[in-house]
Amino acid sequence: SGKTTLMGLIAGRLRGAQVTIGGRTVDNGDSVFVPAHRRGVVLLTQTPGLPPFTTVLGALRMVTRNEDRARMLLDAAGLGELAEAPVATLSGGQAAQVALVRALSTRPRVHILDEPLAAVDVASGARWRRLLRATAGDRTTILVTHDPLDVAGLSDRLAVLDGGRVLAQGPTGQLLTVPPTDFVATLAGVNRLAGFVSEKSSDNIKLNSHGLTIQGVLSEGADTSGVMVGAPAIATVPPEAITLRLPGHDADIRESARNVWPGA
């Protein structure tokens, strides 16, 4: 979808885009190009990239220039027991966590993290989400992820990429409540039915989606002045709102449900 290219443009590994960091233009696609090491951007890919011939403490000390601070950071991340372990002996999950500590220790203006918790076990992932949230500070963090826990628990704003274009962007809660794409609906755990407004009254709106009629009751105070019959519309339905009944056993449902659809 263009995530790797976007990360490379911001970090300075690729050039040719309009990139501004903290009000400072670092690439204008032409005459201005600030190299990667002068941007204050740290890009952590899914390849840990740790120096192989040293210990975990040594790898971190190379960045912090201070052994006490390196030990403190390892302890804070729950990795203190790995301090003297040779980098070459680390498991994939351990190496990913050490690389994440190393990236955080540089105190960059912008952090770009590419699926940072993909190789981490569930218990460690929960600890890291708390740590990432606590250390966010006033820096900008760009987190590339397909994990709904990361999206819902860590992000303030969400951008949806597809085919090299931003399809939607905005506050995370807003985009998860009304998903702009089927992919985001999957992340949010809701069903998304796109169609058009077929009928509008004072208390409900009907939407036609591929032959299905969906009727929604308006919440109190809802403003529908901008809703026009024939306009595109999207219905989101949580899985727990759907009830299935066998043929011959659905009389009670037909009496109480607003939406009853044929199915097999």
# chains A, B, ... in the order shown; residues from 1 in each chain; ligands from 1
$ select_by_dssp --residues "region 140-250 of chain A" --states "strand (DSSP E)" --output "VMD selection string"
chain A and resid 140 to 144 157 to 162 165 to 171 191 to 200 204 to 209 212 to 217 232 to 237
$ residues_around --residues "region 150-153 of chain A" --least-positions-apart "3" --cutoff "10 Å" --atoms "only C-alpha atoms" --output "ChimeraX atom specification"
/A:115-117,125-126,129-130,133,143-147,156-158,172-173,176,187-188
$ write_last_selection --atoms "N, CA, C and O atoms" --output "JSON list (two decimals), in the first residue's frame"
[["chain", "number", "residue", "atom", "x", "y", "z"],
["A", 115, "GLU", "N", 5.62, -2.18, 12.65],
["A", 115, "GLU", "CA", 5.17, -3.42, 13.31],
["A", 115, "GLU", "C", 6.09, -3.79, 14.47],
["A", 115, "GLU", "O", 6.64, -4.89, 14.51],
["A", 116, "PRO", "N", 6.29, -2.89, 15.45],
["A", 116, "PRO", "CA", 7.31, -3.12, 16.48],
["A", 116, "PRO", "C", 7.01, -4.30, 17.39],
["A", 116, "PRO", "O", 7.93, -4.85, 18.01],
["A", 117, "LEU", "N", 5.75, -4.71, 17.50],
["A", 117, "LEU", "CA", 5.39, -5.78, 18.43],
["A", 117, "LEU", "C", 5.00, -7.06, 17.72],
["A", 117, "LEU", "O", 4.47, -7.98, 18.35],
["A", 125, "GLY", "N", 3.91, -7.92, 24.88],
["A", 125, "GLY", "CA", 3.22, -6.91, 24.07],
["A", 125, "GLY", "C", 2.39, -5.97, 24.92],
["A", 125, "GLY", "O", 2.39, -4.76, 24.72],
["A", 126, "ALA", "N", 1.69, -6.52, 25.92],
["A", 126, "ALA", "CA", 0.88, -5.68, 26.82],
["A", 126, "ALA", "C", 1.77, -4.73, 27.60],
["A", 126, "ALA", "O", 1.44, -3.54, 27.79],
["A", 129, "ARG", "N", 3.02, -1.94, 25.25],
["A", 129, "ARG", "CA", 2.01, -0.92, 24.92],
["A", 129, "ARG", "C", 1.91, 0.12, 26.03],
["A", 129, "ARG", "O", 1.79, 1.31, 25.77],
["A", 130, "ARG", "N", 1.98, -0.35, 27.27],
["A", 130, "ARG", "CA", 1.96, 0.60, 28.40],
["A", 130, "ARG", "C", 3.19, 1.50, 28.36],
["A", 130, "ARG", "O", 3.11, 2.71, 28.59],
["A", 133, "ARG", "N", 3.08, 4.08, 25.46],
["A", 133, "ARG", "CA", 2.14, 5.16, 25.78],
["A", 133, "ARG", "C", 2.75, 6.11, 26.81],
["A", 133, "ARG", "O", 2.64, 7.33, 26.70],
["A", 143, "LEU", "N", 3.32, 4.85, 13.87],
["A", 143, "LEU", "CA", 3.29, 3.42, 14.13],
["A", 143, "LEU", "C", 2.58, 2.71, 12.98],
["A", 143, "LEU", "O", 1.41, 2.96, 12.72],
["A", 144, "VAL", "N", 3.32, 1.85, 12.29],
["A", 144, "VAL", "CA", 2.73, 1.05, 11.22],
["A", 144, "VAL", "C", 2.29, -0.28, 11.83],
["A", 144, "VAL", "O", 3.10, -0.98, 12.43],
["A", 145, "THR", "N", 1.02, -0.61, 11.71],
["A", 145, "THR", "CA", 0.53, -1.83, 12.35],
["A", 145, "THR", "C", -0.73, -2.33, 11.67],
["A", 145, "THR", "O", -1.46, -1.56, 11.04],
["A", 146, "HIS", "N", -0.96, -3.64, 11.82],
["A", 146, "HIS", "CA", -2.23, -4.25, 11.42],
["A", 146, "HIS", "C", -2.94, -4.82, 12.65],
["A", 146, "HIS", "O", -3.93, -5.53, 12.52],
["A", 147, "ASP", "N", -2.42, -4.51, 13.82],
["A", 147, "ASP", "CA", -2.96, -5.07, 15.06],
["A", 147, "ASP", "C", -4.00, -4.11, 15.65],
["A", 147, "ASP", "O", -3.66, -2.98, 15.99],
["A", 156, "ASP", "N", -3.61, 8.17, 18.52],
["A", 156, "ASP", "CA", -4.55, 9.29, 18.65],
["A", 156, "ASP", "C", -5.21, 9.60, 17.31],
["A", 156, "ASP", "O", -6.35, 10.01, 17.25],
["A", 157, "ARG", "N", -4.42, 9.42, 16.24],
["A", 157, "ARG", "CA", -4.94, 9.64, 14.89],
["A", 157, "ARG", "C", -4.58, 8.44, 14.03],
["A", 157, "ARG", "O", -3.55, 7.80, 14.24],
["A", 158, "LEU", "N", -5.43, 8.20, 13.03],
["A", 158, "LEU", "CA", -5.28, 7.03, 12.18],
["A", 158, "LEU", "C", -5.26, 7.48, 10.73],
["A", 158, "LEU", "O", -6.05, 8.33, 10.33],
["A", 172, "THR", "N", -8.66, 8.54, 15.81],
["A", 172, "THR", "CA", -8.81, 7.08, 15.78],
["A", 172, "THR", "C", -10.23, 6.65, 16.16],
["A", 172, "THR", "O", -10.82, 5.80, 15.49],
["A", 173, "GLY", "N", -10.76, 7.21, 17.25],
["A", 173, "GLY", "CA", -12.10, 6.82, 17.69],
["A", 173, "GLY", "C", -13.14, 7.04, 16.62],
["A", 173, "GLY", "O", -14.05, 6.22, 16.44],
["A", 176, "LEU", "N", -12.75, 4.39, 13.82],
["A", 176, "LEU", "CA", -13.13, 3.05, 14.24],
["A", 176, "LEU", "C", -14.64, 2.93, 14.43],
["A", 176, "LEU", "O", -15.21, 1.86, 14.28],
["A", 187, "LEU", "N", -10.50, -4.32, 11.45],
["A", 187, "LEU", "CA", -9.72, -3.94, 12.63],
["A", 187, "LEU", "C", -10.64, -3.59, 13.79],
["A", 187, "LEU", "O", -10.36, -3.95, 14.94],
["A", 188, "ALA", "N", -11.71, -2.89, 13.50],
["A", 188, "ALA", "CA", -12.62, -2.43, 14.55],
["A", 188, "ALA", "C", -13.55, -3.54, 15.02],
["A", 188, "ALA", "O", -14.21, -3.40, 16.06]]
$ residues_around --residues "Lys3 (chain A)" --least-positions-apart "3" --cutoff "12 Å" --atoms "only C-alpha atoms" --output "MDAnalysis selection string"
chainID A and resid 6:10 45 112:115 142:146 159:166
$ closest_residue --among "A:Pro52, A:Pro86, A:Phe183, A:Ser105" --to "Arg65 (chain A)" --atoms "only C-alpha atoms"
A:Ser105
$ residues_around --residues "Val87 (chain A)" --least-positions-apart "3" --cutoff "7 Å" --atoms "only C-alpha atoms" --output "number ranges by chain"
A: 52-56, 90
$ atom_distance --atom1 "CA of Gly137 (chain A)" --atom2 "CA of Thr106 (chain A)"
13.5 Å
$ select_by_dssp --residues "region 65-223 of chain A" --states "alpha helix (DSSP H)" --output "PyMOL selection string"
chain A and resi 67-76+92-105+122-134+148-154+172-177+182-188
$ closest_residue --among "A:Arg192, A:Ser31, A:Val260, A:Leu82" --to "Arg245 (chain A)" --atoms "only C-alpha atoms"
A:Val260
$ atom_distance --atom1 "CA of Thr5 (chain A)" --atom2 "CA of Ser124 (chain A)"
28.9 Å
$ residues_around --residues "Arg71 (chain A)" --least-positions-apart "2" --cutoff "8 Å" --atoms "only C-alpha atoms" --output "number ranges by chain"
A: 57, 67-69, 73-75, 80, 83
$ closest_residue --among "A:Ala17, A:Val110, A:Ala70, A:Val190" --to "Arg39 (chain A)" --atoms "only C-alpha atoms"
A:Val110
$ residues_around --residues "His210 (chain A)" --least-positions-apart "6" --cutoff "9 Å" --atoms "only C-alpha atoms" --output "list in words"
Leu193, Ala194 and Gly195 of chain A
$ residues_around --residues "Leu132 (chain A)" --least-positions-apart "5" --cutoff "10 Å" --atoms "only C-alpha atoms" --output "list in words"
Ala77, Leu100, Leu104, Arg127, Gly137, Thr141 and Leu154 of chain A
$ write_last_selection --atoms "C-alpha atoms" --output "CSV table (one decimal), in the first residue's frame"
chain,number,residue,atom,x,y,z
A,77,ALA,CA,11.6,-2.3,29.8
A,100,LEU,CA,12.9,-1.0,20.5
A,104,LEU,CA,13.6,4.9,22.3
A,127,ARG,CA,3.8,-4.4,28.8
A,137,GLY,CA,6.0,12.6,25.5
A,141,THR,CA,5.4,8.6,16.8
A,154,LEU,CA,-1.8,3.5,21.2
$ closest_residue --among "A:Gly230, A:Gly16, A:Pro262, A:Gly40" --to "His111 (chain A)" --atoms "only C-alpha atoms"
A:Gly40
$ closest_residue --among "A:Arg102, A:Gln18, A:Thr4, A:Asp30" --to "Gly58 (chain A)" --atoms "only C-alpha atoms"
A:Arg102
$ closest_residue --among "A:Val98, A:Met228, A:Val41, A:Val184" --to "Ala11 (chain A)" --atoms "only C-alpha atoms"
A:Val41
$ atom_distance --atom1 "CA of Ile242 (chain A)" --atom2 "CA of Ala168 (chain A)"
27.6 Å
